[in-house]
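Q: Structure file work-v3.txt (compact mmCIF, C-alpha atoms and all ligand atoms) right here:
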# COMPACT_ATOMS: atom_id res chain seq x y z
CA MET A 1 -146.66 -16.26 -5.31
CA LYS A 2 -145.05 -12.91 -6.13
CA LYS A 3 -141.96 -12.46 -8.33
CA LYS A 4 -139.93 -11.17 -5.37
CA GLU A 5 -140.56 -14.48 -3.57
CA PHE A 6 -138.94 -16.35 -6.48
CA LEU A 7 -135.95 -14.03 -6.19
CA LYS A 8 -135.69 -14.52 -2.43
CA HIS A 9 -135.88 -18.32 -2.68
CA SER A 10 -133.44 -18.37 -5.60
CA GLN A 11 -130.88 -16.45 -3.54
CA LEU A 12 -131.11 -19.07 -0.79
CA SER A 13 -131.18 -22.12 -3.06
CA ILE A 14 -128.02 -24.16 -2.47
CA GLY A 15 -129.43 -27.58 -1.56
CA TYR A 16 -130.59 -28.85 -4.94
CA PRO A 17 -128.64 -29.60 -8.12
CA GLY A 18 -129.81 -26.81 -10.41
CA ASN A 19 -127.62 -24.13 -11.97
CA LEU A 20 -129.49 -20.84 -11.45
CA ASP A 21 -126.93 -18.80 -13.33
CA PHE A 22 -128.63 -18.58 -16.73
CA GLU A 23 -130.04 -15.93 -19.02
CA TYR A 24 -132.69 -16.72 -21.59
CA SER A 25 -134.69 -13.48 -21.62
CA HIS A 26 -133.84 -13.01 -25.32
CA PHE A 27 -136.29 -15.85 -25.94
CA SER A 28 -139.24 -13.90 -24.49
CA ASP A 29 -140.83 -13.43 -27.96
CA PHE A 30 -140.91 -17.21 -28.35
CA LEU A 31 -143.42 -17.38 -25.49
CA ASN A 32 -146.04 -16.30 -28.01
CA TYR A 33 -145.77 -19.64 -29.83
CA ARG A 34 -146.88 -23.05 -28.69
CA ILE A 35 -143.69 -24.90 -29.67
CA ASN A 36 -144.45 -28.59 -29.33
CA ASN A 37 -142.03 -31.32 -30.42
CA ILE A 38 -144.57 -34.13 -30.12
CA GLY A 39 -143.47 -37.54 -31.40
CA CYS A 40 -140.14 -38.63 -32.81
CA PRO A 41 -137.58 -35.79 -33.00
CA PHE A 42 -136.22 -37.27 -36.24
CA SER A 43 -139.43 -36.89 -38.26
CA ASP A 44 -141.21 -33.61 -38.71
CA GLY A 45 -144.84 -34.74 -38.47
CA SER A 46 -147.97 -32.74 -39.21
CA HIS A 47 -147.67 -30.41 -36.21
CA ARG A 48 -145.40 -27.80 -37.72
CA ILE A 49 -144.82 -25.40 -34.80
CA ASN A 50 -141.86 -27.40 -33.55
CA SER A 51 -138.12 -27.05 -32.99
CA LYS A 52 -137.20 -30.61 -33.97
CA LYS A 53 -134.32 -29.51 -36.22
CA ILE A 54 -132.72 -27.85 -33.19
CA GLU A 55 -133.60 -30.83 -31.00
CA GLN A 56 -131.74 -33.07 -33.45
CA LYS A 57 -128.65 -30.85 -33.13
CA CYS A 58 -128.81 -31.10 -29.34
CA ILE A 59 -129.11 -34.89 -29.40
CA ALA A 60 -126.26 -35.12 -31.93
CA TRP A 61 -124.07 -32.96 -29.68
CA PHE A 62 -124.60 -35.19 -26.65
CA ALA A 63 -124.17 -38.36 -28.74
CA LYS A 64 -120.79 -37.05 -29.92
CA LEU A 65 -119.82 -36.03 -26.38
CA TYR A 66 -120.53 -39.58 -25.23
CA LYS A 67 -118.95 -41.21 -28.31
CA LEU A 68 -122.16 -42.78 -29.58
CA LYS A 69 -122.07 -42.99 -33.39
CA LYS A 70 -125.40 -44.63 -34.22
CA TYR A 71 -127.82 -42.97 -31.88
CA ARG A 72 -131.37 -42.04 -31.14
CA GLY A 73 -132.73 -39.98 -28.25
CA TYR A 74 -134.88 -37.01 -27.43
CA ILE A 75 -135.40 -34.09 -25.08
CA THR A 76 -137.36 -35.34 -22.11
CA THR A 77 -139.11 -33.58 -19.24
CA GLY A 78 -136.09 -34.34 -17.02
CA GLY A 79 -133.69 -36.98 -15.74
CA SER A 80 -136.55 -39.05 -14.32
CA GLU A 81 -138.24 -39.49 -17.70
CA GLY A 82 -134.88 -40.45 -19.20
CA ASN A 83 -134.57 -43.17 -16.56
CA LEU A 84 -138.10 -44.40 -17.26
CA TYR A 85 -137.35 -44.44 -20.99
CA GLY A 86 -134.03 -46.28 -20.60
CA LEU A 87 -135.57 -48.90 -18.35
CA PHE A 88 -138.61 -49.21 -20.63
CA MET A 89 -136.36 -49.93 -23.60
CA ALA A 90 -134.39 -52.40 -21.47
CA ARG A 91 -137.60 -54.24 -20.61
CA GLN A 92 -138.68 -54.32 -24.28
CA LEU A 93 -135.38 -55.99 -25.14
CA TYR A 94 -135.20 -58.23 -22.07
CA PRO A 95 -138.80 -58.84 -20.90
CA ASN A 96 -137.77 -61.32 -18.21
CA ALA A 97 -134.88 -59.36 -16.75
CA THR A 98 -134.34 -58.20 -13.18
CA ILE A 99 -133.05 -54.68 -12.49
CA LEU A 100 -130.11 -54.28 -10.13
CA PHE A 101 -129.35 -50.89 -8.65
CA SER A 102 -127.75 -49.47 -5.54
CA GLU A 103 -129.76 -48.20 -2.61
CA ASP A 104 -128.35 -44.75 -3.34
CA SER A 105 -130.13 -44.62 -6.72
CA HIS A 106 -132.58 -41.78 -7.34
CA TYR A 107 -136.19 -42.49 -6.41
CA SER A 108 -137.19 -42.24 -10.08
CA VAL A 109 -135.39 -45.55 -10.69
CA PHE A 110 -137.50 -47.30 -8.02
CA LYS A 111 -140.58 -45.60 -9.47
CA ALA A 112 -139.74 -46.69 -13.04
CA ALA A 113 -139.24 -50.30 -11.92
CA ASN A 114 -142.67 -50.20 -10.27
CA ILE A 115 -144.42 -48.55 -13.23
CA LEU A 116 -142.85 -51.04 -15.62
CA LYS A 117 -143.43 -53.95 -13.21
CA ILE A 118 -139.83 -55.09 -13.55
CA PRO A 119 -138.60 -57.11 -10.57
CA TYR A 120 -135.70 -55.33 -8.88
CA ILE A 121 -132.99 -55.95 -6.32
CA THR A 122 -131.52 -53.10 -4.31
CA ILE A 123 -127.81 -53.47 -3.65
CA PRO A 124 -126.31 -51.90 -0.48
CA SER A 125 -123.94 -48.97 -1.00
CA ASN A 126 -120.62 -48.02 0.53
CA LYS A 127 -120.41 -45.02 2.85
CA ASN A 128 -119.46 -42.69 -0.01
CA GLY A 129 -122.61 -43.66 -1.93
CA GLU A 130 -120.94 -45.98 -4.46
CA ILE A 131 -122.51 -49.41 -5.04
CA ASN A 132 -120.97 -52.21 -2.94
CA TYR A 133 -119.20 -54.38 -5.53
CA LYS A 134 -119.05 -57.54 -3.36
CA GLU A 135 -122.79 -57.40 -2.77
CA PHE A 136 -123.35 -56.74 -6.47
CA GLU A 137 -121.23 -59.74 -7.39
CA GLN A 138 -123.15 -61.98 -4.98
CA GLN A 139 -126.46 -60.93 -6.52
CA VAL A 140 -125.21 -61.37 -10.07
CA THR A 141 -123.96 -64.85 -9.20
CA LYS A 142 -127.34 -65.70 -7.66
CA GLN A 143 -129.08 -64.43 -10.83
CA LYS A 144 -126.87 -66.59 -13.11
CA GLY A 145 -128.82 -67.63 -16.19
CA THR A 146 -131.25 -64.71 -15.99
CA ASP A 147 -131.16 -61.43 -17.92
CA ILE A 148 -129.96 -58.38 -16.01
CA ILE A 149 -130.62 -54.67 -16.29
CA LEU A 150 -128.13 -52.50 -14.43
CA ASN A 151 -128.93 -48.94 -13.44
CA LEU A 152 -125.47 -47.41 -13.30
CA ASN A 153 -125.16 -44.26 -11.19
CA ILE A 154 -122.95 -41.59 -12.67
CA GLY A 155 -123.26 -39.25 -9.71
CA THR A 156 -125.73 -40.31 -7.01
CA THR A 157 -128.36 -37.85 -5.83
CA MET A 158 -127.34 -37.41 -2.22
CA LYS A 159 -123.60 -38.08 -2.35
CA GLY A 160 -122.49 -37.52 -5.94
CA ALA A 161 -120.86 -40.97 -6.11
CA ILE A 162 -119.92 -42.65 -9.39
CA ASP A 163 -120.32 -46.44 -9.63
CA ASN A 164 -117.20 -48.00 -11.13
CA ILE A 165 -118.25 -49.23 -14.56
CA ASP A 166 -115.06 -51.28 -15.12
CA ILE A 167 -115.66 -53.38 -12.01
CA LEU A 168 -119.40 -53.75 -12.70
CA CYS A 169 -118.83 -54.84 -16.33
CA ASP A 170 -116.19 -57.39 -15.26
CA ILE A 171 -118.65 -58.89 -12.79
CA LEU A 172 -121.49 -58.97 -15.34
CA ASN A 173 -119.29 -60.47 -18.07
CA GLN A 174 -118.33 -63.36 -15.80
CA SER A 175 -121.98 -64.38 -15.45
CA THR A 176 -123.92 -63.41 -18.54
CA SER A 177 -123.80 -61.73 -21.92
CA ARG A 178 -127.48 -60.84 -21.70
CA TYR A 179 -127.50 -57.54 -19.89
CA TYR A 180 -128.52 -53.93 -20.47
CA ILE A 181 -126.83 -50.93 -18.85
CA HIS A 182 -128.77 -47.73 -18.33
CA ALA A 183 -126.66 -44.85 -17.02
CA ASP A 184 -128.34 -42.33 -14.75
CA ALA A 185 -126.09 -39.30 -15.21
CA ALA A 186 -128.63 -36.66 -14.19
CA LEU A 187 -126.23 -34.11 -12.72
CA SER A 188 -122.68 -35.39 -13.33
CA GLY A 189 -123.38 -36.37 -16.93
CA GLY A 190 -123.55 -32.66 -17.75
CA PHE A 191 -120.01 -31.95 -16.57
CA LEU A 192 -117.94 -35.15 -16.28
CA PRO A 193 -116.70 -35.07 -19.91
CA PHE A 194 -115.26 -31.61 -19.21
CA ILE A 195 -113.05 -32.71 -16.30
CA GLU A 196 -109.74 -33.74 -17.80
CA LYS A 197 -108.83 -36.44 -15.28
CA ALA A 198 -112.33 -37.83 -14.69
CA PRO A 199 -113.15 -41.39 -15.80
CA LYS A 200 -114.04 -41.42 -19.49
CA ILE A 201 -117.42 -43.08 -19.38
CA ASN A 202 -118.77 -43.41 -22.91
CA PHE A 203 -120.57 -45.72 -25.34
CA LYS A 204 -117.43 -46.52 -27.34
CA LYS A 205 -115.43 -47.85 -24.42
CA TYR A 206 -118.27 -49.52 -22.51
CA PRO A 207 -121.42 -51.52 -23.30
CA ILE A 208 -123.72 -48.73 -22.08
CA ASP A 209 -127.11 -48.94 -23.77
CA SER A 210 -128.81 -45.69 -22.76
CA LEU A 211 -127.93 -42.57 -20.78
CA SER A 212 -130.07 -39.90 -19.15
CA ILE A 213 -129.06 -36.35 -18.17
CA SER A 214 -131.06 -33.50 -16.63
CA GLY A 215 -130.79 -30.29 -18.66
CA HIS A 216 -131.88 -28.01 -15.85
CA LYS A 217 -129.04 -29.22 -13.61
CA PHE A 218 -125.55 -28.39 -14.92
CA ILE A 219 -126.72 -26.51 -18.03
CA GLY A 220 -129.52 -24.66 -16.23
CA SER A 221 -132.96 -23.61 -17.48
CA PRO A 222 -136.16 -21.93 -16.26
CA ILE A 223 -138.12 -25.01 -17.35
CA PRO A 224 -137.06 -28.51 -16.33
CA TYR A 225 -135.96 -30.81 -19.17
CA GLY A 226 -133.53 -33.63 -19.85
CA ILE A 227 -131.67 -35.45 -22.59
CA VAL A 228 -131.78 -39.18 -23.20
CA ILE A 229 -129.59 -40.98 -25.73
CA ILE A 230 -129.71 -44.63 -26.73
CA ARG A 231 -128.05 -47.01 -29.19
CA LYS A 232 -129.97 -46.81 -32.47
CA LYS A 233 -130.05 -50.60 -32.89
CA HIS A 234 -132.25 -50.81 -29.79
CA THR A 235 -134.88 -48.45 -31.13
CA ASP A 236 -134.72 -50.24 -34.50
CA SER A 237 -135.52 -53.56 -32.90
CA VAL A 238 -138.37 -52.25 -30.75
CA SER A 239 -141.56 -51.42 -32.61
CA ASN A 240 -141.45 -47.80 -33.75
CA GLN A 241 -145.06 -47.06 -34.46
CA TYR A 242 -146.35 -44.56 -37.01
CA ILE A 243 -149.09 -42.43 -35.43
CA GLU A 244 -151.48 -41.11 -38.04
CA TYR A 245 -152.82 -38.36 -35.74
CA ILE A 246 -149.42 -36.63 -35.44
CA GLY A 247 -148.16 -37.70 -38.87
CA CYS A 248 -144.91 -39.23 -37.62
CA ASN A 249 -143.42 -42.12 -35.74
CA ASP A 250 -143.21 -42.07 -31.97
CA LEU A 251 -140.44 -43.58 -29.93
CA THR A 252 -140.94 -41.36 -26.89
CA ILE A 253 -142.96 -42.39 -23.83
CA LEU A 254 -145.03 -39.28 -23.22
CA GLY A 255 -147.00 -37.06 -25.60
CA SER A 256 -146.44 -33.32 -26.09
CA ARG A 257 -142.87 -32.18 -25.46
CA SER A 258 -141.40 -28.75 -24.89
CA GLY A 259 -139.90 -27.24 -28.03
CA LEU A 260 -138.67 -24.30 -25.99
CA ALA A 261 -136.36 -26.62 -24.03
CA ALA A 262 -134.50 -27.51 -27.24
CA LEU A 263 -134.05 -23.80 -28.04
CA PHE A 264 -132.66 -23.12 -24.55
CA LEU A 265 -130.33 -26.09 -24.70
CA TRP A 266 -128.91 -25.28 -28.12
CA ASP A 267 -128.41 -21.65 -27.10
CA ALA A 268 -126.49 -22.79 -24.00
CA ILE A 269 -124.37 -25.24 -26.01
CA LYS A 270 -123.50 -22.64 -28.65
CA LYS A 271 -122.58 -19.95 -26.15
CA ARG A 272 -120.96 -21.97 -23.37
CA LYS A 273 -119.49 -25.13 -24.88
CA ASN A 274 -115.95 -23.78 -24.57
CA GLN A 275 -116.71 -22.56 -21.08
CA PHE A 276 -118.10 -25.76 -19.53
CA ALA A 277 -114.62 -26.90 -18.44
CA THR A 278 -113.98 -23.64 -16.60
CA GLU A 279 -117.45 -23.65 -15.05
CA ILE A 280 -117.00 -27.11 -13.57
CA SER A 281 -113.48 -26.38 -12.41
CA VAL A 282 -114.74 -23.32 -10.47
CA CYS A 283 -117.59 -25.40 -8.96
CA ILE A 284 -115.16 -28.11 -7.84
CA ASN A 285 -112.81 -25.56 -6.24
CA ASN A 286 -115.74 -23.93 -4.45
CA ALA A 287 -116.97 -27.35 -3.28
CA ARG A 288 -113.48 -28.05 -1.86
CA TYR A 289 -113.57 -24.71 -0.05
CA LEU A 290 -116.97 -25.56 1.47
CA HIS A 291 -115.73 -29.02 2.44
CA LYS A 292 -112.69 -27.53 4.22
CA GLN A 293 -114.77 -24.97 6.10
CA LEU A 294 -117.32 -27.57 7.23
CA LYS A 295 -114.52 -29.87 8.39
CA LYS A 296 -113.14 -27.08 10.59
CA ARG A 297 -116.60 -26.72 12.10
CA LEU A 298 -116.81 -30.49 12.79
CA TYR A 299 -119.74 -31.24 10.47
CA HIS A 300 -117.93 -34.37 9.11
CA PRO A 301 -118.28 -33.37 5.47
CA PHE A 302 -117.49 -35.66 2.54
CA LEU A 303 -116.83 -34.80 -1.09
CA ASN A 304 -116.41 -37.57 -3.65
CA GLU A 305 -113.84 -37.20 -6.39
CA TYR A 306 -115.20 -35.43 -9.51
CA SER A 307 -118.23 -34.29 -7.55
CA ILE A 308 -119.67 -30.94 -6.48
CA THR A 309 -122.01 -32.43 -3.88
CA VAL A 310 -120.76 -31.87 -0.32
CA PHE A 311 -122.68 -33.96 2.23
CA PHE A 312 -122.40 -33.44 5.97
CA ASP A 313 -124.10 -33.74 9.37
CA LYS A 314 -127.54 -32.18 9.46
CA PRO A 315 -127.46 -28.70 11.02
CA SER A 316 -130.46 -27.11 12.82
CA LEU A 317 -133.82 -27.36 11.08
CA ALA A 318 -133.93 -23.56 10.86
CA ILE A 319 -130.76 -23.64 8.71
CA CYS A 320 -132.04 -26.53 6.59
CA LYS A 321 -135.29 -24.70 5.93
CA LYS A 322 -133.74 -21.32 5.20
CA TRP A 323 -131.13 -22.69 2.77
CA GLN A 324 -133.42 -25.38 1.28
CA LEU A 325 -131.13 -28.24 2.21
CA ALA A 326 -132.30 -31.71 1.13
CA ILE A 327 -132.30 -34.02 4.16
CA GLN A 328 -131.60 -37.76 4.24
CA GLY A 329 -131.61 -39.15 7.77
CA ASN A 330 -128.80 -37.39 9.64
CA LEU A 331 -127.28 -35.98 6.48
CA VAL A 332 -127.81 -32.96 4.27
CA HIS A 333 -126.00 -31.80 1.18
CA ILE A 334 -125.08 -28.64 -0.64
CA VAL A 335 -124.67 -28.91 -4.40
CA VAL A 336 -122.08 -26.34 -5.41
CA MET A 337 -123.53 -25.26 -8.74
CA GLN A 338 -122.38 -22.24 -10.75
CA HIS A 339 -124.46 -19.78 -8.68
CA VAL A 340 -123.06 -21.07 -5.35
CA SER A 341 -120.14 -18.65 -5.16
CA ILE A 342 -117.57 -18.33 -2.36
CA ASP A 343 -119.52 -15.30 -1.20
CA LYS A 344 -122.73 -17.36 -0.96
CA ILE A 345 -120.89 -20.15 0.85
CA ASP A 346 -119.52 -17.60 3.35
CA GLN A 347 -123.05 -16.28 3.97
CA PHE A 348 -124.18 -19.83 4.68
CA LEU A 349 -121.22 -20.48 7.00
CA GLU A 350 -121.91 -17.28 8.89
CA ASP A 351 -125.47 -18.48 9.49
CA LEU A 352 -124.16 -21.85 10.55
CA ASN A 353 -121.84 -20.19 13.12
CA LYS A 354 -124.76 -18.21 14.52
CA HIS A 355 -126.99 -21.26 14.91
CA SER A 356 -124.47 -23.70 16.41
C1 LIG A 401 -129.12 -39.21 -9.83
C2 LIG A 401 -130.40 -38.56 -10.24
N1 LIG A 401 -131.18 -39.14 -11.14
C3 LIG A 401 -132.33 -38.60 -11.56
C4 LIG A 401 -132.76 -37.40 -11.04
C5 LIG A 401 -134.06 -36.82 -11.51
O1 LIG A 401 -133.88 -35.76 -12.35
P1 LIG A 401 -135.09 -34.78 -12.71
O2 LIG A 401 -135.37 -34.01 -11.47
O3 LIG A 401 -134.52 -33.97 -13.81
O4 LIG A 401 -136.22 -35.62 -13.13
C6 LIG A 401 -131.99 -36.74 -10.08
C7 LIG A 401 -132.43 -35.46 -9.52
O5 LIG A 401 -131.92 -34.93 -8.57
C8 LIG A 401 -130.77 -37.33 -9.66
O6 LIG A 401 -129.99 -36.77 -8.75
What is this structure when it is put down as structure tokens?
Ligand SMILES: Cc1ncc(COP(=O)(O)O)c(C=O)c1O
A:
Amino acid sequence: MKKKEFLKHSQLSIGYPGNLDFEYSHFSDFLNYRINNIGCPFSDGSHRINSKKIEQKCIAWFAKLYKLKKYRGYITTGGSEGNLYGLFMARQLYPNATILFSEDSHYSVFKAANILKIPYITIPSNKNGEINYKEFEQQVTKQKGTDIILNLNIGTTMKGAIDNIDILCDILNQSTSRYYIHADAALSGGFLPFIEKAPKINFKKYPIDSLSISGHKFIGSPIPYGIVIIRKKHTDSVSNQYIEYIGCNDLTILGSRSGLAALFLWDAIKKRKNQFATEISVCINNARYLHKQLKKRLYHPFLNEYSITVFFDKPSLAICKKWQLAIQGNLVHIVVMQHVSIDKIDQFLEDLNKHS
């Protein structure tokens, strides 16, 4: 594939949740080093070409953002690995638990349940993508006496819906005290804390146990990565093995990890932390503009509150293919990331007019 193909496809990429508006070319010299953060980010180990000190700063920043004082975590390969890690830790703590999650959950949650061989129950969702609370309550009541793992969606993949943590915790607390909450905040977790009126979902206010975010979504990066954070007491109680070969402990679930990802993330945090609020406010306004225009054209669009994911009736396949729209049945979505400007939206709408 030639470089110009990447450019062409990037210019028409509006269907997936990745911010393409980033600049990391000042890191080009770092491509001459094999920066590998293998093992626990909190112990250096014998492989010295690593960026673990920077990784620790990144994890600390997210822990603070989500009001988690005693934390552990690491930079993963993406939101999916964070989900696998959260659910793995949940299973270590509650080996006989059942996982409950909505049918709108990302496929990595289904995959993690299968890999970990944890029994699961899929709960129907409402039309906007949020979990159906009545159905959830019925299942929790049926499961009375058993341990429960909840995969909480903070921004579903297709519809950008946020499950209401207050309602879900009330329901859980009526039935059991033995539960674990993993929050899948792949896209929205990167921006929700920067929206003034958005629900304040954090570890101080709620009994969340672990939380996973994709770094290449709201922050943006040429290589996919993610951030997972977890209550320290959980990692303390699960065996944290010393691995002689790498000279440090290992609490992660894979092996070698990108040290470059930590450098990118810290660079983005340092440069843009005071800008994140403006970035998300522009994205939300642009998403509202797209929603309004699609409504006029009778595509029955929907935009959840505090979301930048506009879902609507599937247009022609030619349009879906050209603009790389993710399809789910009769629906598609556009994720209005930082690079999806009004100008880009207008180009898309013009195409839509031509093809309808
Ligand atoms: C809700 C949700 N969870 C998890 C993921 C997986 O993230 P990643 O692609 O970073 O593994 C996605 C990706 O779109 C997602 O939307």
Q: Would you pick out the contacts of Asn304 (chain A) at 9 Å or less, using all atoms listed in the file, so that residues sharing its chain but fewer than 6 positions from it are not included, and give the list as a PyMOL selection string?
A: chain A and resi 128-129+159-162+310
Q: Suppose you want the space between CA of Glu130 (chain A) and CA of Phe311 (chain A); what is it in Å?
A: 13.9 Å
Q: Which residue out of A:Ile334, A:Ile38, A:Leu187, A:Ile118 has the minimum interatomic distance to ligand LIG 401 (chain A) when all atoms listed in the file are used?
A: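 That would be A:Leu187, the residue with the smallest distance to ligand LIG 401 (chain A).
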Q: Which polymer residues have any atom within 9 Å of an atom of Lys53 (chain A), counting all atoms listed in the file, with same-chain residues fewer than 2 positions away left out, as a PyMOL selection string?
A: chain A and resi 41-42+44+50-51+55-58
Q: Using all atoms listed in the file, find each residue with an atom at most 6 Å away from ligand LIG 401 (chain A) and format the answer as a list in words.
A: Gly78, Gly79, Ser80, His106, Gly155, Thr156, Thr157, Asp184, Ala186 and Ser214 of chain A
Q: With distances taken over all atoms listed in the file, which residue among A:Gly18, A:Gly45, A:Pro222, A:Pro124 lies nearest Val340 (chain A)?
A: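 Looking only at the distances to Val340 (chain A), the closest residue turns out to be A:Gly18.
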Q: Which is closer to Tyr66 (chain A) than all the others in A:Pro17, A:Pro119, A:Gly82, A:Pro193, using all atoms listed in the file?
A: A:Pro193
Q: Fewer than 4 positions away in the same chain doesn't count, so skip those; otherwise give me all residues within 8 Å of Ser108 (chain A), counting all atoms listed in the file, as number ranges by chain.
A: A: 80, 83-84, 112
Q: Counting only C-alpha atoms, figure out which residue out of A:His339, A:Ile121, A:Ile246, A:Lys52 gets nearest to Ile75 (chain A).
A: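 Going through A:His339, A:Ile121, A:Ile246, A:Lys52 one by one, the smallest distance to Ile75 (chain A) is for A:Lys52.
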Q: Quick check, in Å to one decimal: how far apart do CA of Ile253 (chain A) and CA of Leu87 (chain A) lie?
A: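 Between CA of Ile253 (chain A) and CA of Leu87 (chain A) the gap works out to 11.3 Å.
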Q: Rank nothing, just name the residue among A:Ile195, A:Met158, A:Leu251, A:Ile319 nearest to Tyr16 (chain A), using all atoms listed in the file.
A: A:Met158
Q: Using all atoms listed in the file, find the one residue out of A:Phe348, A:Phe218, A:Tyr180, A:Tyr74 that sits nearest to Gly259 (chain A).
A: A:Tyr74
Q: Quick one: residues within 10 Å of region 229-238 of chain A, all atoms listed in the file counted, chain neighbours fewer than 4 positions away excluded, as a PyMOL selection string?
A: chain A and resi 59-60+62-63+66+68-75+82+85-86+89-90+92-93+182-183+203+207-213+251
Q: For Asn274 (chain A), please output as a list in words all residues within 12 Å (counting only C-alpha atoms; exclusion window: fewer than 6 positions along the same chain).
A: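 Counting only the stated atoms, we get Phe194, Ala268 and Ile280 of chain A.
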Q: Now that the selection is made, can you save its residues with C-alpha atoms as a PDB file, in the frame of the given file?
A:
ATOM      1  CA  PHE A 194    -115.260 -31.610 -19.210  1.00  0.00           C
ATOM      2  CA  ALA A 268    -126.490 -22.790 -24.000  1.00  0.00           C
ATOM      3  CA  ILE A 280    -117.000 -27.110 -13.570  1.00  0.00           C
TER       4      ILE A 280
END
Q: Just the number, please: distance in Å from CA of Ile201 (chain A) to CA of Ile165 (chain A), one decimal.
A: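 Distance reported for this atom pair: 7.9 Å.
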Q: Output region 128-141 of chain A from the block with N, CA, C and O atoms, as a compact mmCIF listing (two decimals), in the first residue's frame?
A:
# COMPACT_ATOMS: atom_id res chain seq x y z
N ASN A 128 -31.93 3.54 22.43
CA ASN A 128 -30.78 4.47 22.36
C ASN A 128 -29.45 3.78 22.68
O ASN A 128 -28.42 4.43 22.69
N GLY A 129 -29.51 2.46 22.97
CA GLY A 129 -28.27 1.72 23.20
C GLY A 129 -27.95 1.51 24.68
O GLY A 129 -27.01 0.78 25.02
N GLU A 130 -28.75 2.15 25.57
CA GLU A 130 -28.51 2.01 27.00
C GLU A 130 -29.07 0.66 27.46
O GLU A 130 -30.09 0.20 26.91
N ILE A 131 -28.48 0.07 28.49
CA ILE A 131 -28.98 -1.21 29.01
C ILE A 131 -30.43 -1.04 29.49
O ILE A 131 -30.80 0.04 29.98
N ASN A 132 -31.25 -2.09 29.35
CA ASN A 132 -32.62 -2.02 29.84
C ASN A 132 -32.62 -2.38 31.33
O ASN A 132 -32.29 -3.51 31.72
N TYR A 133 -32.96 -1.39 32.17
CA TYR A 133 -32.79 -1.55 33.62
C TYR A 133 -33.74 -2.58 34.21
O TYR A 133 -33.39 -3.29 35.15
N LYS A 134 -34.96 -2.67 33.64
CA LYS A 134 -35.94 -3.67 34.15
C LYS A 134 -35.40 -5.08 33.91
O LYS A 134 -35.44 -5.95 34.78
N GLU A 135 -34.89 -5.28 32.69
CA GLU A 135 -34.35 -6.61 32.34
C GLU A 135 -33.13 -6.92 33.21
O GLU A 135 -32.93 -8.05 33.64
N PHE A 136 -32.34 -5.89 33.46
CA PHE A 136 -31.15 -6.08 34.31
C PHE A 136 -31.57 -6.49 35.72
O PHE A 136 -31.05 -7.44 36.30
N GLU A 137 -32.59 -5.80 36.22
CA GLU A 137 -33.07 -6.09 37.58
C GLU A 137 -33.59 -7.53 37.66
O GLU A 137 -33.30 -8.26 38.62
N GLN A 138 -34.33 -7.94 36.63
CA GLN A 138 -34.86 -9.32 36.63
C GLN A 138 -33.73 -10.33 36.69
O GLN A 138 -33.79 -11.31 37.42
N GLN A 139 -32.69 -10.09 35.91
CA GLN A 139 -31.56 -11.04 35.88
C GLN A 139 -30.82 -11.04 37.22
O GLN A 139 -30.45 -12.10 37.70
N VAL A 140 -30.64 -9.86 37.80
CA VAL A 140 -29.93 -9.78 39.07
C VAL A 140 -30.74 -10.52 40.15
O VAL A 140 -30.17 -11.26 40.97
N THR A 141 -32.05 -10.35 40.10
CA THR A 141 -32.90 -11.04 41.08
C THR A 141 -32.78 -12.55 40.89
O THR A 141 -32.66 -13.30 41.86
